$ cat my_file.pdb   # PDB, C-alpha atoms
ATOM      1  CA  MET A   1      25.653  73.635   4.582
ATOM      2  CA  VAL A   2      23.183  73.834   1.706
ATOM      3  CA  VAL A   3      19.903  75.342   2.940
ATOM      4  CA  SER A   4      17.988  75.917  -0.311
ATOM      5  CA  VAL A   5      17.998  75.045  -3.999
ATOM      6  CA  ASP A   6      16.491  77.232  -6.694
ATOM      7  CA  ARG A   7      17.033  76.888 -10.450
ATOM      8  CA  GLY A   8      20.684  76.016 -10.451
ATOM      9  CA  ARG A   9      21.603  78.165  -7.471
ATOM     10  CA  TRP A  10      22.277  76.856  -3.990
ATOM     11  CA  GLY A  11      21.790  78.883  -0.831
ATOM     12  CA  CYS A  12      24.424  78.013   1.748
ATOM     13  CA  VAL A  13      25.359  79.054   5.272
ATOM     14  CA  LEU A  14      29.004  79.236   6.275
ATOM     15  CA  GLY A  15      30.060  77.342   9.363
ATOM     16  CA  GLY A  16      26.438  76.571  10.216
ATOM     17  CA  ASP A  17      25.840  80.248  11.023
ATOM     18  CA  PRO A  18      22.402  81.289   9.676
ATOM     19  CA  ASP A  19      23.592  84.908   9.495
ATOM     20  CA  ARG A  20      26.437  84.056   7.090
ATOM     21  CA  ARG A  21      24.496  83.275   3.938
ATOM     22  CA  ILE A  22      25.840  83.043   0.426
ATOM     23  CA  VAL A  23      24.535  81.964  -2.973
ATOM     24  CA  ALA A  24      26.608  79.481  -4.957
ATOM     25  CA  MET A  25      26.634  77.744  -8.294
ATOM     26  CA  ARG A  26      27.959  74.264  -9.031
ATOM     27  CA  ALA A  27      31.507  74.166 -10.363
ATOM     28  CA  ARG A  28      31.757  72.722 -13.850
ATOM     29  CA  GLU A  29      34.025  69.899 -12.716
ATOM     30  CA  LEU A  30      31.198  68.521 -10.509
ATOM     31  CA  GLY A  31      29.160  67.746 -13.619
ATOM     32  CA  ARG A  32      25.739  66.476 -12.631
ATOM     33  CA  THR A  33      26.694  65.605  -9.060
ATOM     34  CA  PRO A  34      23.482  65.969  -7.060
ATOM     35  CA  ILE A  35      23.554  68.694  -4.413
ATOM     36  CA  VAL A  36      20.628  68.755  -1.997
ATOM     37  CA  VAL A  37      19.525  70.586   1.112
ATOM     38  CA  GLY A  38      21.511  69.382   4.107
ATOM     39  CA  ASP A  39      24.650  68.642   2.113
ATOM     40  CA  GLN A  40      27.981  69.808   3.478
ATOM     41  CA  VAL A  41      29.935  71.453   0.658
ATOM     42  CA  ASP A  42      33.228  73.216   0.040
ATOM     43  CA  VAL A  43      32.872  76.630  -1.602
ATOM     44  CA  VAL A  44      35.353  79.057  -3.152
ATOM     45  CA  GLY A  45      35.107  82.507  -4.653
ATOM     46  CA  ASP A  46      33.144  85.452  -3.326
ATOM     47  CA  LEU A  47      31.994  84.486   0.158
ATOM     48  CA  SER A  48      30.855  87.965   1.161
ATOM     49  CA  GLY A  49      27.177  87.211   0.685
ATOM     50  CA  ARG A  50      26.624  90.629  -0.901
ATOM     51  CA  PRO A  51      23.739  90.965  -3.390
ATOM     52  CA  ASP A  52      24.490  89.695  -6.920
ATOM     53  CA  THR A  53      27.583  87.738  -5.830
ATOM     54  CA  LEU A  54      28.138  84.044  -6.513
ATOM     55  CA  ALA A  55      30.465  81.504  -4.941
ATOM     56  CA  ARG A  56      31.232  78.093  -6.449
ATOM     57  CA  ILE A  57      30.589  74.682  -4.914
ATOM     58  CA  VAL A  58      33.678  72.595  -5.661
ATOM     59  CA  ARG A  59      33.090  69.525  -3.471
ATOM     60  CA  VAL A  60      30.233  67.687  -1.821
ATOM     61  CA  ALA A  61      31.234  65.858   1.357
ATOM     62  CA  ASP A  62      30.216  62.251   1.890
ATOM     63  CA  ARG A  63      26.730  62.134   3.385
ATOM     64  CA  ARG A  64      26.334  60.659   6.854
ATOM     65  CA  THR A  65      22.679  59.878   6.143
ATOM     66  CA  VAL A  66      20.494  60.230   3.086
ATOM     67  CA  LEU A  67      16.752  60.225   2.534
ATOM     68  CA  ARG A  68      15.906  58.836  -0.886
ATOM     69  CA  ARG A  69      12.754  58.039  -2.765
ATOM     70  CA  THR A  70      11.675  57.019  -6.241
ATOM     71  CA  ALA A  71       8.608  58.204  -8.143
ATOM     72  CA  ASP A  72       7.073  54.764  -7.631
ATOM     73  CA  ASP A  73       8.177  51.227  -6.924
ATOM     74  CA  THR A  74       8.970  50.509 -10.588
ATOM     75  CA  ASP A  75      11.107  53.617 -11.152
ATOM     76  CA  PRO A  76      14.842  52.788 -11.033
ATOM     77  CA  PHE A  77      15.837  56.451 -10.691
ATOM     78  CA  GLU A  78      16.574  57.472  -7.113
ATOM     79  CA  ARG A  79      15.870  61.019  -5.990
ATOM     80  CA  ILE A  80      17.822  62.267  -3.016
ATOM     81  CA  VAL A  81      15.439  64.305  -0.872
ATOM     82  CA  VAL A  82      17.798  65.584   1.841
ATOM     83  CA  GLY A  83      21.293  64.819   3.058
ATOM     84  CA  ASN A  84      22.764  64.445   6.550
ATOM     85  CA  ALA A  85      19.477  64.739   8.467
ATOM     86  CA  GLU A  86      19.582  62.946  11.787
ATOM     87  CA  ARG A  87      15.831  62.559  12.196
ATOM     88  CA  LEU A  88      12.815  62.265   9.945
ATOM     89  CA  PHE A  89       9.606  63.784  11.271
ATOM     90  CA  ILE A  90       6.732  61.984   9.553
ATOM     91  CA  VAL A  91       3.875  64.474   9.864
ATOM     92  CA  VAL A  92       0.421  62.890   9.731
ATOM     93  CA  ALA A  93      -2.997  64.410  10.422
ATOM     94  CA  LEU A  94      -5.385  62.331  12.527
ATOM     95  CA  ALA A  95      -8.253  63.708  10.417
ATOM     96  CA  ASP A  96      -8.783  65.799   7.288
ATOM     97  CA  PRO A  97      -7.022  64.165   5.468
ATOM     98  CA  PRO A  98      -7.434  60.818   7.256
ATOM     99  CA  PRO A  99      -4.227  59.067   8.336
ATOM    100  CA  ARG A 100      -2.878  56.067   6.461
ATOM    101  CA  THR A 101      -0.536  53.553   8.012
ATOM    102  CA  GLY A 102       0.986  52.704   4.619
ATOM    103  CA  PHE A 103       2.546  56.142   4.254
ATOM    104  CA  VAL A 104       4.055  56.040   7.742
ATOM    105  CA  GLU A 105       5.421  52.549   7.195
ATOM    106  CA  ARG A 106       6.998  53.506   3.870
ATOM    107  CA  ALA A 107       8.534  56.660   5.305
ATOM    108  CA  MET A 108       9.924  54.604   8.192
ATOM    109  CA  VAL A 109      11.465  52.155   5.727
ATOM    110  CA  ALA A 110      13.146  55.038   3.863
ATOM    111  CA  ALA A 111      14.390  56.498   7.153
ATOM    112  CA  TYR A 112      15.834  53.229   8.432
ATOM    113  CA  ALA A 113      17.496  52.451   5.092
ATOM    114  CA  GLY A 114      19.042  55.926   4.987
ATOM    115  CA  GLY A 115      20.294  56.029   8.573
ATOM    116  CA  LEU A 116      17.712  58.507   9.930
ATOM    117  CA  GLN A 117      15.716  58.101  13.130
ATOM    118  CA  PRO A 118      11.985  58.252  12.320
ATOM    119  CA  VAL A 119       9.597  60.199  14.546
ATOM    120  CA  LEU A 120       5.824  60.194  14.039
ATOM    121  CA  CYS A 121       4.365  63.675  14.500
ATOM    122  CA  LEU A 122       0.565  63.698  14.717
ATOM    123  CA  THR A 123      -1.478  66.825  14.002
ATOM    124  CA  LYS A 124      -5.160  67.793  14.200
ATOM    125  CA  HIS A 125      -5.534  65.953  17.486
ATOM    126  CA  ASP A 126      -8.501  68.223  18.204
ATOM    127  CA  LEU A 127     -10.449  66.599  15.347
ATOM    128  CA  ALA A 128      -9.780  63.014  16.414
ATOM    129  CA  ALA A 129      -8.811  62.999  20.063
ATOM    130  CA  ASP A 130      -9.731  59.334  20.508
ATOM    131  CA  SER A 131      -7.789  58.065  17.498
ATOM    132  CA  GLU A 132      -5.999  54.741  17.949
ATOM    133  CA  PHE A 133      -3.844  55.309  14.878
ATOM    134  CA  ALA A 134      -0.592  55.486  16.841
ATOM    135  CA  ALA A 135      -1.217  52.063  18.382
ATOM    136  CA  ALA A 136      -0.411  50.454  15.025
ATOM    137  CA  PHE A 137       3.272  51.189  15.650
ATOM    138  CA  ASP A 138       3.581  50.059  19.278
ATOM    139  CA  ASP A 139       6.048  47.254  18.569
ATOM    140  CA  LEU A 140       8.424  49.357  16.478
ATOM    141  CA  ASP A 141       9.762  51.600  19.258
ATOM    142  CA  LEU A 142       8.652  54.595  17.233
ATOM    143  CA  THR A 143       8.810  57.934  19.016
ATOM    144  CA  ILE A 144       5.422  59.683  18.748
ATOM    145  CA  VAL A 145       4.759  63.354  19.415
ATOM    146  CA  TYR A 146       1.782  65.675  18.877
ATOM    147  CA  GLY A 147       2.430  68.794  16.823
ATOM    148  CA  GLY A 148      -0.998  70.248  16.079
ATOM    149  CA  ILE A 149      -1.792  73.931  16.353
ATOM    150  CA  ASP A 150      -3.256  73.492  19.855
ATOM    151  CA  ASP A 151      -0.541  71.147  21.125
ATOM    152  CA  PRO A 152       2.350  72.474  23.237
ATOM    153  CA  LEU A 153       5.586  72.876  21.296
ATOM    154  CA  ASP A 154       8.009  71.866  24.047
ATOM    155  CA  PRO A 155       7.857  68.098  23.380
ATOM    156  CA  VAL A 156       8.513  68.755  19.685
ATOM    157  CA  LEU A 157      11.356  71.169  20.387
ATOM    158  CA  ASP A 158      12.958  68.676  22.758
ATOM    159  CA  LEU A 159      13.398  66.358  19.775
ATOM    160  CA  LEU A 160      14.440  69.017  17.273
ATOM    161  CA  THR A 161      16.826  71.305  19.162
ATOM    162  CA  ASP A 162      20.477  70.919  18.150
ATOM    163  CA  HIS A 163      19.603  68.403  15.430
ATOM    164  CA  LEU A 164      19.099  68.529  11.661
ATOM    165  CA  THR A 165      15.604  67.181  11.063
ATOM    166  CA  ALA A 166      13.655  66.677   7.848
ATOM    167  CA  LEU A 167       9.856  66.969   7.838
ATOM    168  CA  ILE A 168       7.743  65.077   5.327
ATOM    169  CA  GLY A 169       4.005  64.622   4.929
ATOM    170  CA  HIS A 170       1.082  64.794   2.548
ATOM    171  CA  SER A 171      -0.275  68.186   1.605
ATOM    172  CA  GLY A 172      -2.812  69.531   4.060
ATOM    173  CA  VAL A 173      -1.578  67.691   7.159
ATOM    174  CA  GLY A 174      -0.334  70.864   8.861
ATOM    175  CA  LYS A 175       3.375  70.507   8.186
ATOM    176  CA  SER A 176       3.924  74.127   7.135
ATOM    177  CA  THR A 177       1.738  75.310  10.024
ATOM    178  CA  LEU A 178       4.045  73.420  12.374
ATOM    179  CA  VAL A 179       7.107  74.944  10.716
ATOM    180  CA  ASN A 180       5.653  78.435  11.115
ATOM    181  CA  ARG A 181       5.169  77.803  14.831
ATOM    182  CA  LEU A 182       8.704  76.516  15.208
ATOM    183  CA  VAL A 183      10.278  79.280  13.113
ATOM    184  CA  PRO A 184       7.839  82.229  13.075
ATOM    185  CA  GLU A 185       9.963  84.253  10.666
ATOM    186  CA  ALA A 186       9.865  81.428   8.131
ATOM    187  CA  GLU A 187       6.540  82.670   6.749
ATOM    188  CA  ARG A 188       5.986  79.424   4.907
ATOM    189  CA  ALA A 189       2.786  79.443   2.880
ATOM    190  CA  VAL A 190      -0.104  77.582   4.444
ATOM    191  CA  GLY A 191      -2.981  76.310   2.329
ATOM    192  CA  GLU A 192      -6.405  75.055   3.206
ATOM    193  CA  VAL A 193      -7.320  71.460   2.664
ATOM    194  CA  SER A 194      -9.488  71.145  -0.426
ATOM    195  CA  GLY A 195     -11.569  68.047  -0.976
ATOM    196  CA  VAL A 196     -11.217  64.733   0.767
ATOM    197  CA  GLY A 197      -7.593  63.919   1.458
ATOM    198  CA  LYS A 198      -6.335  66.541  -0.970
ATOM    199  CA  GLY A 199      -4.341  69.561   0.065
ATOM    200  CA  LYS A 200      -2.934  72.461  -1.859
ATOM    201  CA  HIS A 201       0.783  72.107  -2.400
ATOM    202  CA  THR A 202       2.014  75.143  -0.523
ATOM    203  CA  SER A 203       5.744  74.289  -0.205
ATOM    204  CA  THR A 204       7.308  73.877  -3.639
ATOM    205  CA  GLN A 205      10.900  73.132  -2.658
ATOM    206  CA  SER A 206      12.906  71.922   0.312
ATOM    207  CA  VAL A 207      14.419  74.568   2.556
ATOM    208  CA  ALA A 208      16.399  74.362   5.807
ATOM    209  CA  LEU A 209      15.341  76.786   8.522
ATOM    210  CA  PRO A 210      17.261  77.570  11.729
ATOM    211  CA  LEU A 211      15.523  76.927  15.016
ATOM    212  CA  PRO A 212      15.729  79.729  17.601
ATOM    213  CA  GLY A 213      17.210  77.373  20.203
ATOM    214  CA  GLY A 214      19.693  75.692  17.853
ATOM    215  CA  GLY A 215      19.392  73.090  15.128
ATOM    216  CA  TRP A 216      17.650  73.141  11.767
ATOM    217  CA  VAL A 217      14.406  71.840  10.288
ATOM    218  CA  ILE A 218      14.103  70.998   6.599
ATOM    219  CA  ASP A 219      10.625  71.675   5.287
ATOM    220  CA  THR A 220       9.882  69.586   2.191
ATOM    221  CA  PRO A 221       7.056  69.785  -0.370
ATOM    222  CA  GLY A 222       3.946  67.718   0.252
ATOM    223  CA  VAL A 223       4.463  64.231  -1.172
ATOM    224  CA  ARG A 224       2.100  62.489  -3.565
ATOM    225  CA  SER A 225       4.103  59.274  -3.793
ATOM    226  CA  PHE A 226       6.968  57.632  -1.955
ATOM    227  CA  GLY A 227       8.493  54.911  -4.093
ATOM    228  CA  LEU A 228      10.983  52.496  -2.544
ATOM    229  CA  ALA A 229      12.405  50.778  -5.613
ATOM    230  CA  HIS A 230      15.942  51.280  -4.278
ATOM    231  CA  ILE A 231      15.373  49.451  -0.975
ATOM    232  CA  THR A 232      15.556  45.703  -0.324
ATOM    233  CA  PRO A 233      14.102  43.682   2.571
ATOM    234  CA  ASP A 234      17.639  43.162   3.907
ATOM    235  CA  ASP A 235      18.083  46.960   4.050
ATOM    236  CA  VAL A 236      15.056  47.188   6.327
ATOM    237  CA  ILE A 237      16.051  44.371   8.666
ATOM    238  CA  ALA A 238      19.598  45.716   8.912
ATOM    239  CA  ALA A 239      18.244  48.834  10.626
ATOM    240  CA  PHE A 240      17.070  46.784  13.620
ATOM    241  CA  THR A 241      20.128  45.768  15.606
ATOM    242  CA  ASP A 242      18.281  43.098  17.563
ATOM    243  CA  LEU A 243      17.342  41.266  14.346
ATOM    244  CA  ALA A 244      20.108  42.095  11.868
ATOM    245  CA  ASP A 245      22.387  39.179  12.751
ATOM    246  CA  ALA A 246      19.591  36.617  12.506
ATOM    247  CA  ILE A 247      18.984  37.043   8.769
ATOM    248  CA  GLU A 248      22.494  35.771   8.071
ATOM    249  CA  ASP A 249      20.977  32.311   8.639
ATOM    250  CA  CYS A 250      18.146  32.882   6.145
ATOM    251  CA  PRO A 251      18.235  30.978   2.841
ATOM    252  CA  ARG A 252      19.257  32.911  -0.240
ATOM    253  CA  GLY A 253      16.431  34.981  -1.669
ATOM    254  CA  CYS A 254      14.493  35.093   1.597
ATOM    255  CA  THR A 255      12.142  38.065   1.756
ATOM    256  CA  HIS A 256      11.711  37.628   5.537
ATOM    257  CA  LEU A 257       7.926  37.585   5.311
ATOM    258  CA  GLY A 258       7.632  34.194   6.980
ATOM    259  CA  PRO A 259       5.411  31.255   5.999
ATOM    260  CA  PRO A 260       4.130  30.438   3.468
ATOM    261  CA  ALA A 261       6.375  32.705   1.350
ATOM    262  CA  ASP A 262       9.512  32.065   3.430
ATOM    263  CA  PRO A 263       9.020  28.928   5.549
ATOM    264  CA  GLU A 264      12.689  28.846   6.611
ATOM    265  CA  CYS A 265      13.066  32.504   7.574
ATOM    266  CA  ALA A 266      15.437  32.742  10.530
ATOM    267  CA  LEU A 267      13.362  35.496  12.115
ATOM    268  CA  ASP A 268      10.858  32.833  13.141
ATOM    269  CA  GLN A 269      13.506  31.160  15.292
ATOM    270  CA  LEU A 270      13.974  34.153  17.631
ATOM    271  CA  PRO A 271      12.367  33.459  21.031
ATOM    272  CA  GLY A 272      10.285  36.233  22.506
ATOM    273  CA  LYS A 273      10.462  38.385  19.367
ATOM    274  CA  GLU A 274       7.172  37.368  17.779
ATOM    275  CA  HIS A 275       5.415  40.732  18.116
ATOM    276  CA  ARG A 276       8.528  42.628  17.084
ATOM    277  CA  VAL A 277       9.004  40.462  14.002
ATOM    278  CA  ALA A 278       5.321  40.778  13.066
ATOM    279  CA  ALA A 279       5.549  44.572  13.250
ATOM    280  CA  ILE A 280       8.651  44.693  11.074
ATOM    281  CA  ARG A 281       7.051  42.343   8.591
ATOM    282  CA  ARG A 282       4.289  44.920   8.197
ATOM    283  CA  LEU A 283       7.010  47.309   7.040
ATOM    284  CA  LEU A 284       8.172  44.699   4.555
ATOM    285  CA  VAL A 285       4.630  44.279   3.252
ATOM    286  CA  ALA A 286       4.430  48.044   2.811
ATOM    287  CA  LEU A 287       7.750  47.932   0.973
ATOM    288  CA  ASN A 288       6.316  45.460  -1.519
ATOM    289  CA  SER A 289       2.832  46.922  -1.818
ATOM    290  CA  ASN A 290       3.386  49.881  -4.209
ATOM    291  CA  ASP A 291       0.338  51.314  -2.459
ATOM    292  CA  PRO A 292      -0.291  54.963  -3.461
ATOM    293  CA  TRP A 293      -2.272  55.453  -0.201
TER
END
$ encode --input "my_file.pdb" --output "structure tokens"
Amino acid sequence: MVVSVDRGRWGCVLGGDPDRRIVAMRARELGRTPIVVGDQVDVVGDLSGRPDTLARIVRVADRRTVLRRTADDTDPFERIVVGNAERLFIVVALADPPPRTGFVERAMVAAYAGGLQPVLCLTKHDLAADSEFAAAFDDLDLTIVYGGIDDPLDPVLDLLTDHLTALIGHSGVGKSTLVNRLVPEAERAVGEVSGVGKGKHTSTQSVALPLPGGGWVIDTPGVRSFGLAHITPDDVIAAFTDLADAIEDCPRGCTHLGPPADPECALDQLPGKEHRVAAIRRLLVALNSNDPW
């Protein structure tokens, strides 16, 4: 598994064993094939892991899941963030910087479209104990956990252990602080929040770190934008098994937003699903908003 990327060199672990680390380069025949943290790869050559030795990556296995983003909603170029992660921890501070539903909704859209299970991880609960921010996602069956510096780690570890999980969030929300608590030897840099809603970018590249109890977390750089140019409304709806079949009865070109934009949307014909549909339509609005938060 690829655990780090640095200037044309990929750090890998053999057989998922964090103690069997090697450094590899991409074989020429792979051309510009993207290789990202979380990818499963075949390697040949010197697999000793001794200093100054290099193996070669000769094949990238098909990804089970993929987290993608674009620079913005008009950028046609997809960037693969991580491969094969089972869960996406969306790390959001309840204060300093203030939370924004748009970011969570967009990250959820990317997770659903890529086959990952989203989890909302709230930090800085001590600064906003009475926040109702999480209530905005009640009808989406979103798992919510608290991961601030004063919150117990057990609920977080219950979700992470024996899984490959990617963490994303704005700079300054406490993501690297959480990683340092989960993996003390990680020694990830932690910066102080500077200004309103602005944090110092302390993680400059994605890296997978082994959890003491099993599993891996992928720490990613703080995000400034999360474009979704590569995702369609049908991609979002398809992630919800209780609604996916219904859109087959929608007229061509339906954006599933309901009246007045889509007066014949089949989602409006589902009895007892009104709140669920309304919540998912908020995700679709976020998909179309190009909101930089």
$ residues_around --input "my_file.pdb" --residues "Leu157 of chain A" --least-positions-apart "4" --cutoff "8 Å" --atoms "only C-alpha atoms" --output "list of chain:residue names"
A:Leu153, A:Thr161, A:Leu182
$ closest_residue --input "my_file.pdb" --among "A:Ser206, A:Ala93, A:Phe226, A:Glu86" --to "Leu160 of chain A" --atoms "only C-alpha atoms"
A:Glu86
$ residues_around --input "my_file.pdb" --residues "Gly213 of chain A" --least-positions-apart "3" --cutoff "12 Å" --atoms "only C-alpha atoms" --output "ChimeraX atom specification"
/A:154,157-163,182-183,209-210,216-217
$ write_last_selection --input "my_file.pdb" --atoms "C-alpha atoms" --output "PDB file, in the frame of the given file"
ATOM      1  CA  ASP A 154       8.009  71.866  24.047  1.00  0.00           C
ATOM      2  CA  LEU A 157      11.356  71.169  20.387  1.00  0.00           C
ATOM      3  CA  ASP A 158      12.958  68.676  22.758  1.00  0.00           C
ATOM      4  CA  LEU A 159      13.398  66.358  19.775  1.00  0.00           C
ATOM      5  CA  LEU A 160      14.440  69.017  17.273  1.00  0.00           C
ATOM      6  CA  THR A 161      16.826  71.305  19.162  1.00  0.00           C
ATOM      7  CA  ASP A 162      20.477  70.919  18.150  1.00  0.00           C
ATOM      8  CA  HIS A 163      19.603  68.403  15.430  1.00  0.00           C
ATOM      9  CA  LEU A 182       8.704  76.516  15.208  1.00  0.00           C
ATOM     10  CA  VAL A 183      10.278  79.280  13.113  1.00  0.00           C
ATOM     11  CA  LEU A 209      15.341  76.786   8.522  1.00  0.00           C
ATOM     12  CA  PRO A 210      17.261  77.570  11.729  1.00  0.00           C
ATOM     13  CA  TRP A 216      17.650  73.141  11.767  1.00  0.00           C
ATOM     14  CA  VAL A 217      14.406  71.840  10.288  1.00  0.00           C
TER      15      VAL A 217
END
$ residues_around --input "my_file.pdb" --residues "segment 274-276 of chain A" --least-positions-apart "3" --cutoff "12 Å" --atoms "only C-alpha atoms" --output "list in words"
Ala136, Phe137, Asp138, Asp139, Leu140, Asp141, Leu142, Ile237, Phe240, Asp242, Leu243, Gly258, Ala266, Leu267, Asp268, Gln269, Leu270, Pro271, Ala279, Ile280, Arg281, Arg282 and Leu283 of chain A
$ closest_residue --input "my_file.pdb" --among "A:Gly49, A:Gly83, A:Gly222, A:Gly31" --to "Val3 of chain A" --atoms "all atoms listed in the file"
A:Gly83
$ residues_around --input "my_file.pdb" --residues "Thr101 of chain A" --least-positions-apart "6" --cutoff "12 Å" --atoms "all atoms listed in the file" --output "PyMOL selection string"
chain A and resi 90-94+107-108+120+132-137+282-283+285-286+291-293
$ atom_distance --input "my_file.pdb" --atom1 "atom CA of Gly11 of chain A" --atom2 "atom CA of Gly114 of chain A"
23.8 Å
$ closest_residue --input "my_file.pdb" --among "A:Ala111, A:Ala246, A:Leu228, A:Ile149" --to "Thr65 of chain A" --atoms "only C-alpha atoms"
A:Ala111
$ decode --input "my_file.pdb" --residues "segment 142-153 of chain A" --atoms "N, CA and C atoms" --output "PDB file, in the first residue's frame"
ATOM      1  N   LEU A 142     -26.146  10.663   8.972  1.00  0.00           N
ATOM      2  CA  LEU A 142     -24.709  10.917   9.048  1.00  0.00           C
ATOM      3  C   LEU A 142     -24.202  10.601  10.448  1.00  0.00           C
ATOM      4  N   THR A 143     -23.187   9.755  10.523  1.00  0.00           N
ATOM      5  CA  THR A 143     -22.570   9.461  11.815  1.00  0.00           C
ATOM      6  C   THR A 143     -21.795  10.689  12.275  1.00  0.00           C
ATOM      7  N   ILE A 144     -21.993  11.089  13.549  1.00  0.00           N
ATOM      8  CA  ILE A 144     -21.340  12.275  14.090  1.00  0.00           C
ATOM      9  C   ILE A 144     -20.576  11.890  15.349  1.00  0.00           C
ATOM     10  N   VAL A 145     -19.347  12.347  15.450  1.00  0.00           N
ATOM     11  CA  VAL A 145     -18.502  12.031  16.588  1.00  0.00           C
ATOM     12  C   VAL A 145     -17.729  13.289  16.970  1.00  0.00           C
ATOM     13  N   TYR A 146     -17.359  13.397  18.246  1.00  0.00           N
ATOM     14  CA  TYR A 146     -16.593  14.550  18.722  1.00  0.00           C
ATOM     15  C   TYR A 146     -15.133  14.141  18.898  1.00  0.00           C
ATOM     16  N   GLY A 147     -14.240  14.934  18.294  1.00  0.00           N
ATOM     17  CA  GLY A 147     -12.825  14.591  18.308  1.00  0.00           C
ATOM     18  C   GLY A 147     -11.930  15.724  18.760  1.00  0.00           C
ATOM     19  N   GLY A 148     -12.443  16.610  19.598  1.00  0.00           N
ATOM     20  CA  GLY A 148     -11.641  17.713  20.115  1.00  0.00           C
ATOM     21  C   GLY A 148     -10.633  17.241  21.140  1.00  0.00           C
ATOM     22  N   ILE A 149      -9.741  18.138  21.519  1.00  0.00           N
ATOM     23  CA  ILE A 149      -8.629  17.773  22.394  1.00  0.00           C
ATOM     24  C   ILE A 149      -9.099  17.321  23.772  1.00  0.00           C
ATOM     25  N   ASP A 150     -10.292  17.763  24.201  1.00  0.00           N
ATOM     26  CA  ASP A 150     -10.807  17.366  25.506  1.00  0.00           C
ATOM     27  C   ASP A 150     -11.843  16.249  25.418  1.00  0.00           C
ATOM     28  N   ASP A 151     -12.112  15.776  24.210  1.00  0.00           N
ATOM     29  CA  ASP A 151     -13.107  14.717  24.034  1.00  0.00           C
ATOM     30  C   ASP A 151     -12.437  13.348  24.134  1.00  0.00           C
ATOM     31  N   PRO A 152     -13.120  12.358  24.696  1.00  0.00           N
ATOM     32  CA  PRO A 152     -12.541  11.013  24.775  1.00  0.00           C
ATOM     33  C   PRO A 152     -12.317  10.441  23.377  1.00  0.00           C
ATOM     34  N   LEU A 153     -11.239   9.672  23.240  1.00  0.00           N
ATOM     35  CA  LEU A 153     -10.885   9.132  21.925  1.00  0.00           C
ATOM     36  C   LEU A 153     -11.614   7.837  21.573  1.00  0.00           C
TER      37      LEU A 153
END
